[in-house]
Every structure is written in C-alpha cells, then in structure tokens.
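*Asks:* Starting off with a structure, shown below.
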Amino acid sequence: MKTWVMGIAFMSIIMVFISSFSSAEETQGPLSLTISLDKEEYQMGEPIECTLVLGNISEQSLTVNKRLLVNYDVTFPHEVLFEIKGPDNKPLEFIPIIKAGLPEVEDFISLLPREFIMKIYQLERYFSFSKKGKYTVQAIYENYHQPSDLKVWTGSIKSNIVEIKVR
Amino acid sequence: MKKIFFILIAVFLVFLFIPGSGASAQPPPANKVAKIQEAINKAKALKTKADKIYQQALNETVKKFGDEYAKAKTDAERRKVVDQARKFFQQRLRTLGWGRAKKAKDEAFQRIIQEVNKTYKIDTRNVRGEPTFSQDVEGEGECYPDGTVRIGPSAFTSPGVVASTKKHEATHADQAAGGRWPRGAVERHDAEIEAYGKEMTSADTVGLTDAERNEVLTRLRYHLAQKKVALINEIRSAKTSMNNDKQRKELDKIVEKVRQIQKMEQKGDEEKAMQKKNEAIKEIKQLIKGAKGRAKNTLERLRDHFEGLKEAELFVMKVEAIENLRDAQDAPTTGKKQKKEINKIIGKLKKLIEAQRKGKEKEALKIKKDAFEEINELLKRSKGSTKEELNKAKQKIEKLIKIQTTLVGKIYIPRFRIWIGYLYTIPYLKKANENLSKMNEIFNTEAPPMEKGTGYDVRVTYMLTPKIGLGAGLENVEVEKASCSFTEEIDGIYIFRSVSWETSMNGTYAALLFNLPGTWFNLNFTAQFGSYQANYRREGREIEGESERGELAEGKGRGSGYKTSLGVEFNLSRNLSLFIEGGYRNLLVTAKGDLSYMGTEDSEKEEIELDYSGTEIKVGLSGRF
C-alpha cells in the first residue's frame, strides 16, 4: 500500500513538472497570439469575425512577419492557420485556393516591446459553418522565412481556443 | 453569291479573333496597357491614403492597449483586451473616415479589373460573376468552389500581373466547373501547378516582364516541391487506414522513396527520380491487390497522387524549357531570323503541353521530337548566350524524351536510314574488253567495248550517333551488253557473223557512314566493303552456208572489293530526301568459265578477269525511320 502511494506521488510530481515546463514554454515566449470572436453565438450564415492579435510581450524588439496570410496548411505559403473543429469534433476543411507567394522583405517589421499587430478575419470566407452546434477555433502563427540581413523571429505559436455556437 | 462571300469573310474574322484559334494571341496595344498602368498608379495613391488612416487607427489602438495586453496574465485577460482593442480600433476607423477612403480605393481597383477584362479578353466563362476586388485578400487572388474570384491589392503591380492573376483564378474556376476542385493538400498543389503553368504559357500574351515571369516560375517550382512534402504527410496519415502492419511498413518504405526522389531531383537527376516514382507506383499497386475497403481507397488515391506527380514534373520541365527558349530569344547574340525560329519552337512546346493535357500522347511525342530536332538545327547556327540557353532547353527536352520512354514505352526516334538508288557506273573491264577485241578479230565483227553499267543499290544504316552509322546493303550492276551481228554476202555466199559479251555482278556489303546533317541538305561520306559475284557470257558465231563455227563461254567468280563515295541529300521532308552520290569502286573478280566450241565436242576451262573498278554515280531516295 505504501509503495502504491509513493508511486502515485512520484508520478504526480513528474506530471506536474512536465505540464508546468510545457505551459511555461507556451506562455513565456516573446510573442503571444490571441484570438477573439465578436460573438459567442451566431445564426447560420452570419459573418463570423475573428480578431487576431500577435503581441510582443518581451522586453526586446522583435522582427516579425506581419503579413498574417491565412492558408490551407503548412505546405502552402502562410503565416496563419486556423484549426476549427465542428460539432462532430472533426476539423473543418479550408475552402478557397489562395494565390500567394512567399513573404518579402517588406512584410517584416520590428515590433517594439508591448506592441502588437492585429488583423480581423471573416472566418465564414474560409470555412463552412454549415452544421448547427459547437465549434472550437484556434489559430497558429508561424514564420520560418528568414530574409537575408534580417534577424527574424522564427517558430510557431498557438493561440487560445475559443468556443462558439452556431444556431 | 455576294451574301456567301460576306458570310465567309465573317467566319474567317471570327476564327481569327477567337483566342487560341488562328494566329497566336498578341499582347494588347501598348497605349491601352499604359492607360491601365495609369489607373493602377491612381488606385495605389488612394490605397496609400486609406492605408495611412488604417495605420493611424492601429497605432492609436496599440498605444492604448499595448501595455495592458503585455501585462495580461491569462488567455482570458488577453482576450478581454483584444475585444476592447477591436472595438476601439473599429470606432477609430469610422471616426477617421476610413470607410470613405476604402470605398474610393475599392472602386478604383474594381474599375481596373473591368478594364483588364476588356483589354485582355481572358476566358472567364466559369468564373461566377465578375471577379471582385477585396482588401482582405492577402495574396493576389482567391477562388472558391462556386467559381467566385476575389482579387487582392498585391495583384495590382502591373496590368500584366492583374491579367495573369485573372487567368490563374479562372483556371481554378475551370477546375471547379469540371468537377476537379482539389481534395486535400496534394491535389491543391496540383491545382496550383496547373494554374501557374497557365500563367507561364500565357506570359507573353499578357506581357509579363522577366521578373514577373521568374516569380511565377519560382512559385510553380515551389508547389511542385511542396507537393512532395504534402505527399509524405498524406502517406503517413494513410497508415491509419491500413488493414495490417505489413501494409503500414510498406507505406514507410514508400515515404523513404519520396525522400530519395527529393534528393535525386535536387541533384538534377530527374530520370532516376522518375524511375523511383514508377517503383513507388508498382509497390502501391501491389499493396492495392491485398487491400480491402478504406485501405484500398486510400491506396488508390496515393497511386493517383504519384501518377499526378509524374505529370506535374514533366509539365514543369516543359515550362522550364520554354523559359530557356525565351531567354535564348532575348539573348543579344540572337539574330532576327533565329528569334522567329525560336518563337516557332516555343509555339510547339505550348502545343505539346496542350496535347499532353488532352492525353494525345502520339501527337505529343511527335511535337517533342520535332522541337528537339529544330533546336539541334538552331544550335549549329548559334553562338554565345543564345547557344547556352538553347543548350539548356535542348537538355530539358532530351530528358523529357528519355523520361517519356520510361513512361510510355519506346518512342519514335529515327535511328534507321534507308537508301534506294539507281546507279550508273563506268567499269574498266580491261581484260574483258581485250577478250572482246580478240573475238572481233576472230569473227570479223566490230562489237564496241563494254563501257557502262547500270543497276541498283539498297542500303540500310543504323545511326550510332547523329553523325556515324553502320549499315549493310546489296548492289546489282548490269553492264551494257556489247554485241555485233550482221550478215554479209561474199561471192554470193551469205555469211552470218555475231559476237556478244555480257557481264553482271551483284553482292552484299557492309558500310560505314559519316553524316553531316543540315537543314536543307546533308553531306555523307560512305565507305563500304563487300563480297560480290560476277557472271559473264560471251558468244561468237559465224555461219557460212551449212557450216557453222563459234564459241560460247559462260562463267562466274567471287571477289571482294571496296567503294568510297561522297553524297549530298536534299531534304524533301523530315523523313525523306533525294540523294546524289559519286564514288570510286575497286573490285576485281576472277571468273572461271567453260568455253565450248560449236559443232565440236571440244571444251576447255578458262579464266577471265572482270575488273569492275571505276567511277560511279548514284541517284535515289533516302528515308529515315
């Protein structure tokens, strides 16, 4: 019995350590990505407005890709990807085909500490919210392009998850 | 009658102006393009004005909420700040008059889209309504499955780019209308390859600049490369649909193959990469045989992706070859005439793309072969950077031909050549003519010496290289018969005298051919060595009343000889030429014969030297197959 208790306690400590380590990695990065939808409930066919904010929460200036192009998946030119799950918990398929190239030097800006960039997306343009029920929305910001002579933030961060209802 | 004439004229004009029919499409007049460019500049100025307002509103928002956002500890707190920031931002936009500025800018861009429609006459039959300008489009354009097209501000760099973007989006609308709207990342890359390909092939008709064309080509290559990444992802996720571990392990091997393909292509070894793709397809086909249900469907889809990848690869190679030809055209060392010729080849490659898109493989192979030969011809007359770029295009087409061979089996490359000729020869036949003189003396005749022969020559050559060939042939020569016969009356007695000498030869030979091909004619040097059989027959006769005397000899012999000749072929078509050849033959045959004397039982053996050496001329037709 004693061994059992000791085992469970040991496992708990490890789990707490792992979870605190991973969450620290997500929240303590120099950039923060937040999304917010204009409403919690929508009528079917109603515009769904999603505001995305990419903020520099560090004490240093960062050069970031400000283009915020949304696309199908990682194999296409993009900075933003949306992961939206429908009432059946299946991911929604991105609809349009986007004609875009890779980002250019003009797409990179210096973001001072406590500055952010913001973009508003009409999600119904990219995804079909054709089923009634609950949807979860999460955004991912990625940049792996490094124009020469520029020290650019590269990596991938996920936003908070927002739940909405379509009636 | 007059009515019919006008109808015919009208039909002709309609055909002339339908895009893709009649003469090749040309870029619109410079003055119209300049007018659109002017409108673009004005619209951009309006955009700058609107952007300034937008930026001001954003700056104010950042200033107001930046600290709060950075200090927020939780997601919920940040979300709250974002909500407030959005409201503030939208309010500031309204206050600063962004709506009016945006409207003015949007209308200006929309008018440009309309103007481009009129000027460039792009086929947008499957686009739903008119493409609309949208500030929110981050790229140049977006297309939806219902054919709706939105054009973004990035497309408005030049009238050509707007037109090209419309062409691109119209291609997606066509894909949707044809039931080919992509499912999944791999198919999306295919759709992009097709659309960027359309942009490339119409780059000259919309007047894209070199830099703009390079950007399109870069994107085309990007999607081809990314398609393989997407394919790896799809194969990995396909593992969950498999029936057993064996199938899953096989899929791992196929992933490894795609990685090898990527490496091979990076090294420029497209042929090996194509073989690897074929191997992967074979393995997937094997897996399909043992698969059931969902696994089978998934594997069939993967097989189709690999087939599509091969097609895409070949397509991009063709587009790159067109680009090399365009660069050759623009090279300072390219003459006016060469430019025209290159233009024709570009036209051919465009036709090739179209033919393969329609699955007309036979036609495609012919075009490819023609283009290859034409580039080869041009290369002979080119120098400097023209030669360099033409060489690049040639190498690409050569690769395409080789790859196509592995894809659709043996293709038609003319390696064999056949000559059929009539020959005229002046053989020495010294000993034979001496013998004829003797007979003339014996029979008191005056048969002229044998001086000429005629015959035929058929030769087949296999070209080891475009310049060197090995072959075999057969020849036949009939020497003009020397004869003399007459009846004379001496003292009331009629005496009939007759002498004849005839000989012929035939044989087979091996030949070595050196060929210098040209556009209008080819020069050939041939050396042949063969074994020949020569026959002869001679007869002398004198009939005086009841008495008759004479001799008859027949014989044959074998000998070997050689011939060297120089020839010119005049090309009547790609596969047929008229040729004339002149040469010298060395052939001495010792013929053994039986000589019998008429009216007696006597006979004896004899040997006669038949010297077929001498000059000869040959004319005929030659073909390549």
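Ordered as shown in the structure tokens, chains take letters A, B, and onward, while each chain numbers its residues from 1 and ligands are numbered from 1 in the order shown.
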Kindly provide, as a VMD selection string, the residues of chain A having any atom no farther than 9 Å from an atom of chain B, counting only C-alpha atoms.
*Replies:* chain A and resid 27 32 34 to 38 51 to 53 55 to 58 67 to 70 72 to 76 93 95 to 102 113 to 118 120 to 122 159 to 161
*Asks:* Step one, run DSSP on the backbone; step two, keep only residues of chain A assigned to strand (DSSP E); then write them as a short mmCIF file (atom, residue, chain, number, x, y, z; two decimals) with C-alpha atoms, in the first residue's frame.
*Replies:*
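Output below, filename out.cif:
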```cif
data_model
loop_
_atom_site.label_atom_id
_atom_site.label_comp_id
_atom_site.auth_asym_id
_atom_site.auth_seq_id
_atom_site.Cartn_x
_atom_site.Cartn_y
_atom_site.Cartn_z
CA LEU A 31 5.30 36.56 -28.69
CA SER A 32 1.75 35.99 -27.70
CA LEU A 33 -1.09 35.08 -30.03
CA THR A 34 -4.66 35.77 -29.04
CA ILE A 35 -7.89 35.42 -30.93
CA SER A 36 -11.27 36.73 -30.05
CA LEU A 37 -14.54 36.30 -31.90
CA GLU A 41 -23.42 32.64 -30.79
CA TYR A 42 -24.14 33.03 -34.47
CA GLU A 49 -15.45 37.95 -37.25
CA CYS A 50 -12.23 36.77 -35.67
CA THR A 51 -9.68 39.28 -34.36
CA LEU A 52 -6.13 38.02 -34.17
CA VAL A 53 -3.50 39.81 -32.15
CA LEU A 54 0.18 39.00 -32.26
CA GLY A 55 1.91 40.86 -29.47
CA ASN A 56 5.47 41.28 -28.33
CA LEU A 62 11.43 41.57 -32.37
CA THR A 63 11.34 41.45 -36.15
CA VAL A 64 8.22 39.59 -37.17
CA ASN A 65 6.40 38.66 -40.35
CA VAL A 80 -1.66 31.93 -40.01
CA LEU A 81 -3.50 28.64 -39.92
CA PHE A 82 -6.87 28.12 -38.27
CA GLU A 83 -7.79 24.86 -36.61
CA ILE A 84 -11.53 24.78 -36.39
CA LYS A 85 -13.38 21.73 -35.15
CA ILE A 97 -7.47 28.36 -53.07
CA ILE A 98 -5.17 31.27 -52.27
CA LYS A 99 -2.77 32.65 -54.83
CA PHE A 108 8.82 42.06 -41.94
CA ILE A 109 8.55 44.76 -39.28
CA SER A 110 10.15 45.48 -35.98
CA LEU A 111 7.74 45.02 -33.10
CA PHE A 116 1.15 44.21 -31.30
CA ILE A 117 -0.22 43.66 -34.80
CA MET A 118 -3.85 42.96 -35.36
CA LYS A 119 -5.94 41.53 -38.16
CA ILE A 120 -9.63 40.81 -38.46
CA TYR A 121 -10.68 37.71 -40.40
CA GLN A 122 -14.12 36.83 -41.72
CA GLY A 133 -23.70 23.17 -32.78
CA LYS A 134 -20.48 23.97 -31.01
CA TYR A 135 -17.28 24.89 -32.79
CA THR A 136 -13.81 25.41 -31.39
CA VAL A 137 -11.45 27.87 -33.05
CA GLN A 138 -7.71 28.09 -32.59
CA ALA A 139 -5.12 30.00 -34.62
CA ILE A 140 -1.48 29.19 -35.25
CA TYR A 141 1.08 31.77 -36.19
CA GLU A 142 4.20 30.51 -37.95
CA ASN A 143 7.20 32.01 -39.58
CA GLY A 155 8.87 29.46 -34.92
CA SER A 156 5.27 28.52 -34.34
CA ILE A 157 2.85 29.59 -31.62
CA LYS A 158 -0.72 28.64 -30.89
CA VAL A 162 -12.41 29.96 -28.50
CA GLU A 163 -15.71 28.18 -28.44
CA ILE A 164 -18.69 29.43 -30.44
CA LYS A 165 -22.17 28.17 -31.14
CA VAL A 166 -23.97 28.19 -34.47
#
```
